[in-house]
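Next comes input_39.cif, with mmCIF, C-alpha atoms.
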```cif
data_model
#
loop_
_atom_site.label_atom_id
_atom_site.label_comp_id
_atom_site.auth_asym_id
_atom_site.auth_seq_id
_atom_site.Cartn_x
_atom_site.Cartn_y
_atom_site.Cartn_z
CA MET P 1 171.02 101.97 108.70
CA SER P 2 172.23 99.93 111.66
CA ASP P 3 175.04 97.37 111.46
CA THR P 4 172.43 94.63 111.05
CA THR P 5 173.05 92.23 108.16
CA THR P 6 169.98 92.17 105.92
CA THR P 7 169.12 89.33 103.56
CA LEU P 8 166.23 89.71 101.12
CA VAL P 9 164.86 86.41 99.82
CA THR P 10 163.19 86.94 96.44
CA ALA P 11 162.00 84.60 93.67
CA THR P 12 161.67 84.27 89.91
CA GLY P 13 158.03 83.16 90.25
CA ASP P 14 155.09 82.78 92.63
CA SER P 15 154.90 79.77 94.96
CA ALA P 16 158.63 79.16 94.71
CA GLY P 17 158.99 78.28 98.40
CA LYS P 18 160.19 81.72 99.53
CA THR P 19 158.42 81.67 102.88
CA ALA P 20 159.73 78.29 103.98
CA ILE P 21 163.25 79.20 102.84
CA THR P 22 163.22 82.67 104.44
CA VAL P 23 161.96 81.42 107.81
CA ALA P 24 164.20 78.32 107.74
CA LEU P 25 167.28 80.47 107.00
CA ALA P 26 166.35 82.77 109.88
CA ARG P 27 166.06 79.76 112.15
CA LEU P 28 169.40 78.36 111.00
CA ALA P 29 170.96 81.77 111.72
CA ALA P 30 169.32 81.77 115.17
CA ASP P 31 170.76 78.27 115.76
CA ARG P 32 174.16 79.86 115.16
CA ASP P 33 173.53 82.24 118.08
CA ARG P 34 172.51 85.23 116.02
CA SER P 35 169.52 87.35 116.99
CA VAL P 36 167.18 87.44 114.00
CA GLY P 37 164.18 89.38 112.78
CA TYR P 38 161.71 88.93 109.93
CA MET P 39 159.82 91.28 107.65
CA LYS P 40 157.65 90.95 104.54
CA PRO P 41 157.29 94.53 103.29
CA LYS P 42 154.57 93.66 100.74
CA GLY P 43 151.82 91.30 101.88
CA THR P 44 150.74 89.26 98.86
CA ARG P 45 149.06 86.12 100.23
CA LEU P 46 145.60 87.56 100.71
CA GLN P 47 142.25 85.98 101.42
CA SER P 48 140.19 88.87 100.07
CA ASN P 49 140.56 91.84 97.72
CA VAL P 50 140.07 94.46 100.40
CA GLY P 51 140.52 95.00 104.08
CA LYS P 52 143.10 93.42 106.32
CA THR P 53 145.59 90.89 105.15
CA LEU P 54 145.27 87.33 106.32
CA ASP P 55 148.77 86.67 105.03
CA GLN P 56 149.94 83.70 107.06
CA ASP P 57 153.63 84.15 106.30
CA PRO P 58 154.44 86.75 108.99
CA MET P 59 152.34 84.81 111.53
CA LEU P 60 154.32 81.66 110.78
CA ALA P 61 157.61 83.57 111.11
CA ARG P 62 156.49 85.10 114.40
CA GLU P 63 155.58 81.68 115.80
CA VAL P 64 158.66 79.77 114.59
CA LEU P 65 161.20 82.50 115.40
CA ASP P 66 159.47 83.50 118.64
CA LEU P 67 159.24 87.17 117.69
CA ASP P 68 157.10 89.76 119.46
CA ALA P 69 156.70 92.13 116.50
CA GLU P 70 153.22 93.28 115.45
CA MET P 71 151.68 92.26 112.10
CA HIS P 72 151.60 95.86 110.80
CA GLN P 73 155.34 96.18 111.48
CA MET P 74 156.25 92.91 109.79
CA GLU P 75 153.98 93.64 106.82
CA PRO P 76 153.62 97.40 106.36
CA VAL P 77 152.10 97.32 102.83
CA VAL P 78 149.15 95.08 102.00
CA TYR P 79 149.59 94.52 98.27
CA SER P 80 145.98 93.71 97.45
CA PRO P 81 144.16 94.17 94.11
CA THR P 82 142.40 97.18 95.68
CA PHE P 83 145.77 98.69 96.65
CA VAL P 84 147.13 98.19 93.12
CA GLU P 85 144.03 99.82 91.56
CA GLY P 86 144.51 102.78 93.90
CA ALA P 87 148.20 102.99 93.03
CA ILE P 88 147.58 103.22 89.28
CA ARG P 89 144.94 105.91 89.90
CA GLY P 90 147.49 107.86 91.92
CA THR P 91 145.98 107.49 95.41
CA GLU P 92 149.10 105.82 96.86
CA ASP P 93 152.17 107.93 97.56
CA ALA P 94 155.26 105.87 96.68
CA ASP P 95 157.56 108.03 98.85
CA ALA P 96 155.27 107.66 101.88
CA LEU P 97 155.20 103.88 101.38
CA ARG P 98 159.00 103.75 101.21
CA ASP P 99 159.25 105.82 104.39
CA ARG P 100 156.79 103.50 106.15
CA ILE P 101 158.75 100.40 105.15
CA ARG P 102 162.05 101.98 106.20
CA GLU P 103 160.68 103.09 109.59
CA GLU P 104 159.18 99.69 110.42
CA TYR P 105 162.36 97.99 109.25
CA GLU P 106 164.56 100.17 111.46
CA GLU P 107 162.41 99.42 114.47
CA LEU P 108 162.47 95.65 113.79
CA ALA P 109 166.22 95.66 113.07
CA ALA P 110 167.22 97.83 116.04
CA ASP P 111 168.70 95.08 118.22
CA ARG P 112 169.07 92.30 115.66
CA ASP P 113 172.23 90.80 114.17
CA HIS P 114 170.45 89.62 111.04
CA MET P 115 167.16 90.65 109.40
CA PHE P 116 165.49 88.27 106.93
CA VAL P 117 163.19 90.09 104.52
CA GLU P 118 160.77 88.12 102.35
CA GLY P 119 159.96 89.44 98.90
CA GLY P 120 156.40 89.59 97.58
CA GLY P 121 155.18 87.22 94.87
CA ARG P 122 157.96 87.41 92.30
CA TRP P 123 160.84 89.90 92.20
CA THR P 124 158.98 92.26 89.85
CA THR P 125 155.90 92.56 92.12
CA GLY P 126 155.44 96.12 93.40
CA GLY P 127 156.49 98.00 90.28
CA VAL P 128 153.37 100.19 90.26
CA VAL P 129 154.64 101.95 93.41
CA ASP P 130 158.37 101.65 92.63
CA LEU P 131 158.69 98.89 95.21
CA THR P 132 159.90 95.84 93.30
CA ASP P 133 162.26 93.64 95.28
CA VAL P 134 165.11 95.45 93.50
CA ASP P 135 163.82 98.72 95.00
CA VAL P 136 163.32 97.13 98.43
CA ALA P 137 166.87 95.72 98.42
CA GLU P 138 168.19 99.19 97.63
CA LEU P 139 165.98 100.81 100.28
CA LEU P 140 167.07 98.41 103.05
CA ASP P 141 170.66 97.94 101.83
CA ALA P 142 170.09 94.19 101.58
CA ARG P 143 172.05 91.36 100.03
CA VAL P 144 169.74 89.23 97.90
CA VAL P 145 169.14 85.48 97.69
CA LEU P 146 167.16 84.47 94.61
CA VAL P 147 164.94 81.36 94.80
CA ALA P 148 164.32 79.80 91.39
CA GLY P 149 162.65 76.73 89.94
CA TYR P 150 164.26 74.55 87.29
CA ASP P 151 162.46 72.25 84.89
CA SER P 152 164.53 72.93 81.78
CA PRO P 153 167.36 75.22 80.59
CA ASN P 154 164.71 77.77 79.47
CA ASP P 155 164.20 78.63 83.14
CA LEU P 156 167.67 80.19 83.24
CA ASP P 157 166.33 83.19 81.27
CA GLU P 158 164.40 84.26 84.38
CA VAL P 159 167.45 83.81 86.59
CA LEU P 160 169.64 85.90 84.27
CA ALA P 161 167.03 88.68 84.07
CA ALA P 162 166.80 88.85 87.87
CA ALA P 163 170.59 88.69 88.30
CA ASP P 164 170.94 91.57 85.87
CA ALA P 165 168.35 93.64 87.76
CA PHE P 166 169.85 93.05 91.22
CA GLY P 167 173.44 93.49 90.05
CA ASP P 168 176.04 93.49 92.82
CA ARG P 169 173.40 93.00 95.51
CA LEU P 170 172.75 89.42 94.38
CA ALA P 171 174.59 87.08 96.76
CA GLY P 172 173.48 84.00 94.85
CA VAL P 173 170.77 81.60 93.77
CA VAL P 174 169.03 78.66 95.48
CA PHE P 175 167.13 76.31 93.19
CA ASN P 176 164.05 74.78 94.83
CA LYS P 177 161.63 71.93 94.02
CA VAL P 178 163.99 70.40 91.44
CA SER P 179 162.62 67.07 90.17
CA ASP P 180 164.88 64.04 89.82
CA ASP P 181 164.44 64.30 86.03
CA ALA P 182 165.72 67.88 85.89
CA PHE P 183 168.50 67.52 88.46
CA GLU P 184 171.17 66.18 86.12
CA SER P 185 170.67 68.93 83.53
CA LEU P 186 170.86 71.58 86.26
CA ASP P 187 173.91 70.04 87.90
CA GLN P 188 175.88 69.27 84.73
CA ASP P 189 174.96 72.28 82.62
CA GLY P 190 172.78 74.88 84.36
CA ILE P 191 174.92 75.60 87.42
CA PRO P 192 178.28 75.69 85.55
CA PHE P 193 176.68 78.02 82.97
CA LEU P 194 175.49 80.47 85.68
CA GLU P 195 178.86 80.33 87.44
CA SER P 196 180.58 81.11 84.12
CA LYS P 197 178.45 84.29 84.13
CA GLY P 198 179.68 85.19 87.61
CA ILE P 199 176.45 84.12 89.38
CA THR P 200 176.94 82.15 92.59
CA VAL P 201 174.70 79.10 93.07
CA PHE P 202 174.34 78.12 96.74
CA GLY P 203 172.74 74.78 95.96
CA ALA P 204 169.65 72.97 94.67
CA LEU P 205 166.85 71.51 96.80
CA PRO P 206 164.96 68.43 95.60
CA HIS P 207 161.21 68.36 95.02
CA GLU P 208 159.60 67.18 98.28
CA LYS P 209 156.07 65.85 98.33
CA GLU P 210 155.42 67.05 101.90
CA LEU P 211 156.36 70.59 100.92
CA ALA P 212 154.65 70.66 97.54
CA GLY P 213 151.15 69.36 98.06
CA VAL P 214 148.32 69.38 100.55
CA THR P 215 146.71 66.40 102.21
CA VAL P 216 143.23 65.31 101.15
CA GLY P 217 142.02 66.38 104.60
CA GLU P 218 143.45 69.90 104.20
CA LEU P 219 141.94 70.13 100.72
CA ALA P 220 138.51 69.13 102.10
CA ASP P 221 138.76 71.79 104.85
CA GLU P 222 139.76 74.52 102.42
CA LEU P 223 137.02 73.64 99.91
CA GLY P 224 134.41 73.28 102.64
CA ALA P 225 133.72 69.83 101.19
CA GLU P 226 131.61 67.07 102.70
CA LEU P 227 133.43 63.73 103.03
CA LEU P 228 131.22 60.93 101.69
CA THR P 229 133.54 58.05 102.65
CA ASP P 230 135.48 57.25 105.79
CA ALA P 231 138.73 56.49 103.91
CA PRO P 232 141.94 57.99 105.38
CA THR P 233 142.57 61.60 104.31
CA ASP P 234 146.34 61.83 104.83
CA GLY P 235 147.25 61.15 101.16
CA PHE P 236 148.92 63.99 99.26
CA VAL P 237 147.46 65.93 96.34
CA GLU P 238 149.81 67.87 94.09
CA ARG P 239 147.69 68.35 90.97
CA PHE P 240 144.14 68.27 89.62
CA LEU P 241 142.63 66.46 86.69
CA VAL P 242 139.26 67.42 85.30
CA GLY P 243 137.06 64.48 84.36
CA ALA P 244 135.06 65.76 81.40
CA MET P 245 135.61 63.00 78.83
CA GLY P 246 134.06 59.57 78.32
CA GLY P 247 134.88 56.60 80.59
CA ASP P 248 137.47 54.77 78.44
CA GLU P 249 139.35 57.91 77.50
CA ALA P 250 139.20 59.04 81.14
CA LEU P 251 140.77 55.80 82.33
CA ARG P 252 143.75 56.20 79.98
CA TYR P 253 144.15 59.83 81.10
CA PHE P 254 143.96 59.03 84.82
CA ARG P 255 146.40 56.13 84.60
CA ARG P 256 149.22 58.56 83.80
CA ALA P 257 148.51 60.62 86.90
CA ARG P 258 150.14 60.60 90.28
CA ASP P 259 149.12 62.32 93.52
CA ALA P 260 146.10 63.74 91.71
CA ALA P 261 142.59 64.72 92.70
CA VAL P 262 139.98 64.21 90.00
CA ILE P 263 137.30 66.92 89.85
CA THR P 264 134.13 65.93 88.05
CA GLY P 265 130.37 66.34 88.17
CA GLY P 266 128.59 64.30 90.84
CA ASP P 267 126.43 62.75 88.11
CA ARG P 268 129.34 61.37 86.01
CA ALA P 269 129.45 57.75 87.26
CA ASP P 270 131.59 56.59 84.28
CA VAL P 271 134.35 59.13 85.04
CA GLN P 272 134.14 58.49 88.79
CA THR P 273 134.57 54.74 88.26
CA ALA P 274 137.57 55.29 85.93
CA ALA P 275 139.22 57.61 88.47
CA LEU P 276 138.81 55.08 91.30
CA GLU P 277 140.57 52.44 89.18
CA ALA P 278 143.69 54.58 88.62
CA SER P 279 146.41 54.08 91.23
CA GLY P 280 147.72 57.68 90.98
CA VAL P 281 144.37 59.25 91.88
CA ALA P 282 144.31 60.21 95.58
CA CYS P 283 140.68 61.33 95.83
CA LEU P 284 137.54 62.36 93.96
CA VAL P 285 136.05 65.85 94.22
CA LEU P 286 132.42 65.83 93.03
CA THR P 287 130.82 69.13 92.08
CA GLY P 288 127.30 70.42 91.64
CA GLY P 289 125.95 69.05 94.90
CA HIS P 290 125.01 65.67 93.35
CA ARG P 291 125.55 62.53 95.43
CA PRO P 292 127.18 59.65 93.59
CA SER P 293 125.53 56.24 93.26
CA GLY P 294 125.84 53.59 95.95
CA ALA P 295 127.94 51.53 93.51
CA VAL P 296 130.52 54.33 93.17
CA LEU P 297 130.69 54.86 96.95
CA GLY P 298 131.10 51.10 97.43
CA LYS P 299 133.94 51.06 94.93
CA ALA P 300 135.57 54.04 96.67
CA ALA P 301 135.31 52.27 100.03
CA ASP P 302 136.94 49.14 98.56
CA ALA P 303 139.73 51.23 97.04
CA GLY P 304 140.20 53.19 100.30
CA LYS P 305 139.83 56.47 98.42
CA PRO P 306 138.11 59.55 99.88
CA VAL P 307 135.22 61.11 97.97
CA LEU P 308 134.61 64.83 98.59
CA ALA P 309 131.41 66.64 97.59
CA VAL P 310 131.13 70.39 97.04
CA ASN P 311 128.07 72.46 96.13
CA THR P 312 129.87 74.73 93.67
CA ASP P 313 130.17 74.20 89.93
CA THR P 314 133.24 72.51 88.43
CA VAL P 315 134.99 75.71 87.27
CA THR P 316 134.73 77.34 90.71
CA ALA P 317 135.91 74.14 92.42
CA ILE P 318 138.95 73.91 90.11
CA ASP P 319 139.94 77.56 90.69
CA ARG P 320 139.67 77.21 94.45
CA ALA P 321 141.44 73.83 94.55
CA GLU P 322 144.34 75.04 92.41
CA GLU P 323 144.74 78.06 94.68
CA VAL P 324 144.90 75.76 97.72
CA VAL P 325 147.51 73.48 96.22
CA ARG P 326 149.57 76.29 94.72
CA GLY P 327 149.73 78.13 98.02
CA GLY P 328 150.31 74.90 99.93
CA ARG P 329 148.44 74.54 103.19
CA THR P 330 151.54 72.94 104.67
CA ARG P 331 152.85 76.29 105.89
CA ASP P 332 153.49 75.42 109.49
CA ALA P 333 156.38 74.75 111.84
CA ARG P 334 156.80 71.27 110.33
CA THR P 335 157.40 72.77 106.89
CA VAL P 336 160.10 75.03 108.29
CA ASP P 337 161.78 72.12 110.10
CA ARG P 338 161.84 70.08 106.91
CA MET P 339 163.12 73.03 104.85
CA ALA P 340 165.89 73.67 107.40
CA GLU P 341 166.97 70.02 107.05
CA LEU P 342 166.95 70.29 103.24
CA LEU P 343 168.98 73.50 103.32
CA ASP P 344 171.49 71.93 105.70
CA ALA P 345 171.84 68.91 103.41
CA HIS P 346 171.94 70.56 99.98
CA VAL P 347 173.01 74.18 100.34
CA ASP P 348 176.03 76.12 101.67
CA VAL P 349 174.16 77.47 104.71
CA ASP P 350 177.20 79.26 106.18
CA ALA P 351 177.55 81.28 102.98
CA LEU P 352 173.84 82.09 103.16
CA VAL P 353 173.61 83.17 106.79
#
```
Mind converting the file's structure to structure tokens?
Amino acid sequence: MSDTTTTLVTATGDSAGKTAITVALARLAADRDRSVGYMKPKGTRLQSNVGKTLDQDPMLAREVLDLDAEMHQMEPVVYSPTFVEGAIRGTEDADALRDRIREEYEELAADRDHMFVEGGGRWTTGGVVDLTDVDVAELLDARVVLVAGYDSPNDLDEVLAAADAFGDRLAGVVFNKVSDDAFESLDQDGIPFLESKGITVFGALPHEKELAGVTVGELADELGAELLTDAPTDGFVERFLVGAMGGDEALRYFRRARDAAVITGGDRADVQTAALEASGVACLVLTGGHRPSGAVLGKAADAGKPVLAVNTDTVTAIDRAEEVVRGGRTRDARTVDRMAELLDAHVDVDALV
């Protein structure tokens, strides 16, 4: 291995914010006059089960960090369902995969001060070919930064399991997307507890709406939805509610929501009306190809709320919408800028880079 410093950013769970943190750390290192490179050995953000990856993470890194590496170098293994099926049937050679990752890494790292390697999914992903992030860290002689969520003390179980698996390679933990409600528990109890176990905590990043959700406009694009109103589509959606109950019950349910999209059948005028009356509902997604009544559209126009129509059934629409929000369409240079600011404000960046 060269004298390049290698940092592997891994996570306790999917959609933890690894990409934004990895690319933002690389940019912060570049701002400190270090030449940086990026690699994601296992491509996990796929648009289809087979064929080429459309993983946007390496493309984002290439754009933001101004790298000239090829996709196949930055992402040597496409970790698709088809790949995993092949691996358990014995058609993938684990040693050959390790060699491929090491070769591409050495080429990417050749003239770099610091390589930032993004883990795949969660830290255990890749076990079927002996390529969990623990194995990758060993293979590339990397120090490890663990990204974790925190809603309650139970979440520390995951952190301890990962810390145990990475052992001395673990440099420390960054908590991400911590809500105001959970912050005090983490600060007063969680972090001191981990430090008493010898685990370094670099800092905790607050939950940020711009990094967590997608705009109504992005949601419409991803769902291929038709917009039935001309209300503004820049509101954020972070969660989905399914409108399957009666009108009065629906209204009580929706009133507790915030930054929500309500998905319901296009023929359910009672549910649609209840959703439009709730301040925390950002938009309506109507399924089944039915157009709502003129009265509902009038009410939506008065409330300034977008109404989206899709031709699929409700279950399909929910699956697709949850995928969009979980992955976050906000993976662009703006996201990285914002994450770099958050890291600067809340985390010991010098210790990290």
As a short mmCIF file (atom, residue, chain, number, x, y, z; two decimals) with C-alpha atoms, keeping the file's coordinate frame, please: the residues near Gly126 in chain P (cut-off 12 Å, all atoms listed in the file, same-chain neighbours under 2 positions excluded).
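The new file result.cif reads:
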```
data_model
loop_
_atom_site.label_atom_id
_atom_site.label_comp_id
_atom_site.auth_asym_id
_atom_site.auth_seq_id
_atom_site.Cartn_x
_atom_site.Cartn_y
_atom_site.Cartn_z
CA PRO P 41 157.29 94.53 103.29
CA LYS P 42 154.57 93.66 100.74
CA GLY P 43 151.82 91.30 101.88
CA THR P 44 150.74 89.26 98.86
CA VAL P 77 152.10 97.32 102.83
CA VAL P 78 149.15 95.08 102.00
CA TYR P 79 149.59 94.52 98.27
CA SER P 80 145.98 93.71 97.45
CA PRO P 81 144.16 94.17 94.11
CA PHE P 83 145.77 98.69 96.65
CA VAL P 84 147.13 98.19 93.12
CA ALA P 87 148.20 102.99 93.03
CA ILE P 88 147.58 103.22 89.28
CA ALA P 94 155.26 105.87 96.68
CA LEU P 97 155.20 103.88 101.38
CA ARG P 98 159.00 103.75 101.21
CA GLY P 119 159.96 89.44 98.90
CA GLY P 120 156.40 89.59 97.58
CA GLY P 121 155.18 87.22 94.87
CA ARG P 122 157.96 87.41 92.30
CA TRP P 123 160.84 89.90 92.20
CA THR P 124 158.98 92.26 89.85
CA VAL P 128 153.37 100.19 90.26
CA VAL P 129 154.64 101.95 93.41
CA ASP P 130 158.37 101.65 92.63
CA LEU P 131 158.69 98.89 95.21
CA THR P 132 159.90 95.84 93.30
CA ASP P 133 162.26 93.64 95.28
CA VAL P 134 165.11 95.45 93.50
CA ASP P 135 163.82 98.72 95.00
CA VAL P 136 163.32 97.13 98.43
#
```
For this session: Pick out the residues sitting within 8 Å of range 21-31 of chain P, and hand them over as number ranges by chain; count all atoms listed in the file, and ignore anything fewer than 5 positions along from it in its own chain.
Result: P: 9, 36-38, 61, 64-65, 114-118, 336-337, 339-340, 349, 352-353
Problem set entry | Separation of CA of Thr4 in chain P from CA of Ala110 in chain P in Å |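 Interatomic distance here is 7.9 Å.
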Exercise. Expressed in Å to a single decimal, how great is the separation between CA of Ser15 in chain P and CA of Val315 in chain P?
Worked result: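 Those two atoms sit 21.7 Å apart.
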For this session: Give as JSON, numbers by chain each residue that has an atom at most 9 Å from (162.0, 80.1, 93.5) in the file, counting all atoms listed in the file.
Result: {"P": [10, 11, 12, 13, 14, 15, 16, 17, 18, 122, 146, 147, 148, 149, 150, 173, 174, 175, 176, 177]}
Problem set entry | d(CA of Val201 in chain P, CA of Leu139 in chain P) in Å |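 CA of Leu139 in chain P lies 24.5 Å from CA of Val201 in chain P.
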Exercise. If we count only C-alpha atoms, what is near Pro292 in chain P at a cut-off of 12 Å, once residues fewer than 3 positions away on the same chain are taken out, given as a list in words?
Worked result: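 Selected residues are Leu228, Thr229, Thr264, Gly265, Gly266, Asp267, Arg268, Ala269, Asp270, Val271, Gln272, Thr273, Leu284, Val285, Leu286, Thr287, Gly288, Gly289, Ala295, Val296, Leu297, Gly298, Lys299, Ala300, Val307, Leu308, Ala309 and Val310 of chain P.
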How would range 137-163 of chain P read, as a PDB file, in the frame of the given file, once N, CA and C atoms are built in?
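Produced file selection.pdb, reproduced below:
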```
ATOM      1  N   ALA P 137     165.479  96.059  98.073  1.00  0.00           N
ATOM      2  CA  ALA P 137     166.870  95.720  98.420  1.00  0.00           C
ATOM      3  C   ALA P 137     167.712  96.988  98.535  1.00  0.00           C
ATOM      4  N   GLU P 138     167.473  97.912  97.616  1.00  0.00           N
ATOM      5  CA  GLU P 138     168.190  99.190  97.630  1.00  0.00           C
ATOM      6  C   GLU P 138     167.815  99.987  98.881  1.00  0.00           C
ATOM      7  N   LEU P 139     166.512 100.036  99.155  1.00  0.00           N
ATOM      8  CA  LEU P 139     165.980 100.810 100.280  1.00  0.00           C
ATOM      9  C   LEU P 139     166.549 100.319 101.617  1.00  0.00           C
ATOM     10  N   LEU P 140     166.655  98.988 101.765  1.00  0.00           N
ATOM     11  CA  LEU P 140     167.070  98.410 103.050  1.00  0.00           C
ATOM     12  C   LEU P 140     168.543  97.974 103.041  1.00  0.00           C
ATOM     13  N   ASP P 141     169.250  98.307 101.974  1.00  0.00           N
ATOM     14  CA  ASP P 141     170.660  97.940 101.830  1.00  0.00           C
ATOM     15  C   ASP P 141     170.866  96.446 102.085  1.00  0.00           C
ATOM     16  N   ALA P 142     170.096  95.637 101.341  1.00  0.00           N
ATOM     17  CA  ALA P 142     170.090  94.190 101.580  1.00  0.00           C
ATOM     18  C   ALA P 142     170.916  93.437 100.545  1.00  0.00           C
ATOM     19  N   ARG P 143     171.501  92.332 100.993  1.00  0.00           N
ATOM     20  CA  ARG P 143     172.050  91.360 100.030  1.00  0.00           C
ATOM     21  C   ARG P 143     170.880  90.459  99.642  1.00  0.00           C
ATOM     22  N   VAL P 144     170.923  89.905  98.447  1.00  0.00           N
ATOM     23  CA  VAL P 144     169.740  89.230  97.900  1.00  0.00           C
ATOM     24  C   VAL P 144     170.038  87.756  97.611  1.00  0.00           C
ATOM     25  N   VAL P 145     169.100  86.901  98.045  1.00  0.00           N
ATOM     26  CA  VAL P 145     169.140  85.480  97.690  1.00  0.00           C
ATOM     27  C   VAL P 145     167.942  85.241  96.772  1.00  0.00           C
ATOM     28  N   LEU P 146     168.219  84.708  95.587  1.00  0.00           N
ATOM     29  CA  LEU P 146     167.160  84.470  94.610  1.00  0.00           C
ATOM     30  C   LEU P 146     166.757  83.000  94.621  1.00  0.00           C
ATOM     31  N   VAL P 147     165.457  82.733  94.842  1.00  0.00           N
ATOM     32  CA  VAL P 147     164.940  81.360  94.800  1.00  0.00           C
ATOM     33  C   VAL P 147     164.354  81.139  93.405  1.00  0.00           C
ATOM     34  N   ALA P 148     164.771  80.053  92.765  1.00  0.00           N
ATOM     35  CA  ALA P 148     164.320  79.800  91.390  1.00  0.00           C
ATOM     36  C   ALA P 148     163.917  78.342  91.231  1.00  0.00           C
ATOM     37  N   GLY P 149     162.991  78.103  90.310  1.00  0.00           N
ATOM     38  CA  GLY P 149     162.650  76.730  89.940  1.00  0.00           C
ATOM     39  C   GLY P 149     163.510  76.315  88.757  1.00  0.00           C
ATOM     40  N   TYR P 150     163.545  75.003  88.481  1.00  0.00           N
ATOM     41  CA  TYR P 150     164.260  74.550  87.290  1.00  0.00           C
ATOM     42  C   TYR P 150     163.621  73.293  86.749  1.00  0.00           C
ATOM     43  N   ASP P 151     162.980  73.424  85.589  1.00  0.00           N
ATOM     44  CA  ASP P 151     162.460  72.250  84.890  1.00  0.00           C
ATOM     45  C   ASP P 151     163.273  71.987  83.641  1.00  0.00           C
ATOM     46  N   SER P 152     163.741  73.072  83.010  1.00  0.00           N
ATOM     47  CA  SER P 152     164.530  72.930  81.780  1.00  0.00           C
ATOM     48  C   SER P 152     165.439  74.138  81.661  1.00  0.00           C
ATOM     49  N   PRO P 153     166.428  74.086  80.738  1.00  0.00           N
ATOM     50  CA  PRO P 153     167.360  75.220  80.590  1.00  0.00           C
ATOM     51  C   PRO P 153     166.662  76.554  80.302  1.00  0.00           C
ATOM     52  N   ASN P 154     165.444  76.516  79.731  1.00  0.00           N
ATOM     53  CA  ASN P 154     164.710  77.770  79.470  1.00  0.00           C
ATOM     54  C   ASN P 154     164.534  78.603  80.737  1.00  0.00           C
ATOM     55  N   ASP P 155     164.451  77.918  81.885  1.00  0.00           N
ATOM     56  CA  ASP P 155     164.200  78.630  83.140  1.00  0.00           C
ATOM     57  C   ASP P 155     165.366  79.534  83.526  1.00  0.00           C
ATOM     58  N   LEU P 156     166.519  79.351  82.899  1.00  0.00           N
ATOM     59  CA  LEU P 156     167.670  80.190  83.240  1.00  0.00           C
ATOM     60  C   LEU P 156     167.491  81.618  82.731  1.00  0.00           C
ATOM     61  N   ASP P 157     166.609  81.817  81.734  1.00  0.00           N
ATOM     62  CA  ASP P 157     166.330  83.190  81.270  1.00  0.00           C
ATOM     63  C   ASP P 157     165.870  84.064  82.427  1.00  0.00           C
ATOM     64  N   GLU P 158     164.943  83.516  83.233  1.00  0.00           N
ATOM     65  CA  GLU P 158     164.400  84.260  84.380  1.00  0.00           C
ATOM     66  C   GLU P 158     165.505  84.585  85.393  1.00  0.00           C
ATOM     67  N   VAL P 159     166.368  83.608  85.616  1.00  0.00           N
ATOM     68  CA  VAL P 159     167.450  83.810  86.590  1.00  0.00           C
ATOM     69  C   VAL P 159     168.394  84.912  86.111  1.00  0.00           C
ATOM     70  N   LEU P 160     168.735  84.885  84.814  1.00  0.00           N
ATOM     71  CA  LEU P 160     169.640  85.900  84.270  1.00  0.00           C
ATOM     72  C   LEU P 160     169.016  87.295  84.322  1.00  0.00           C
ATOM     73  N   ALA P 161     167.707  87.372  84.038  1.00  0.00           N
ATOM     74  CA  ALA P 161     167.030  88.680  84.070  1.00  0.00           C
ATOM     75  C   ALA P 161     167.063  89.251  85.487  1.00  0.00           C
ATOM     76  N   ALA P 162     166.785  88.390  86.474  1.00  0.00           N
ATOM     77  CA  ALA P 162     166.800  88.850  87.870  1.00  0.00           C
ATOM     78  C   ALA P 162     168.211  89.228  88.294  1.00  0.00           C
ATOM     79  N   ALA P 163     169.196  88.415  87.918  1.00  0.00           N
ATOM     80  CA  ALA P 163     170.590  88.690  88.300  1.00  0.00           C
ATOM     81  C   ALA P 163     171.027  90.039  87.732  1.00  0.00           C
TER      82      ALA P 163
END
```
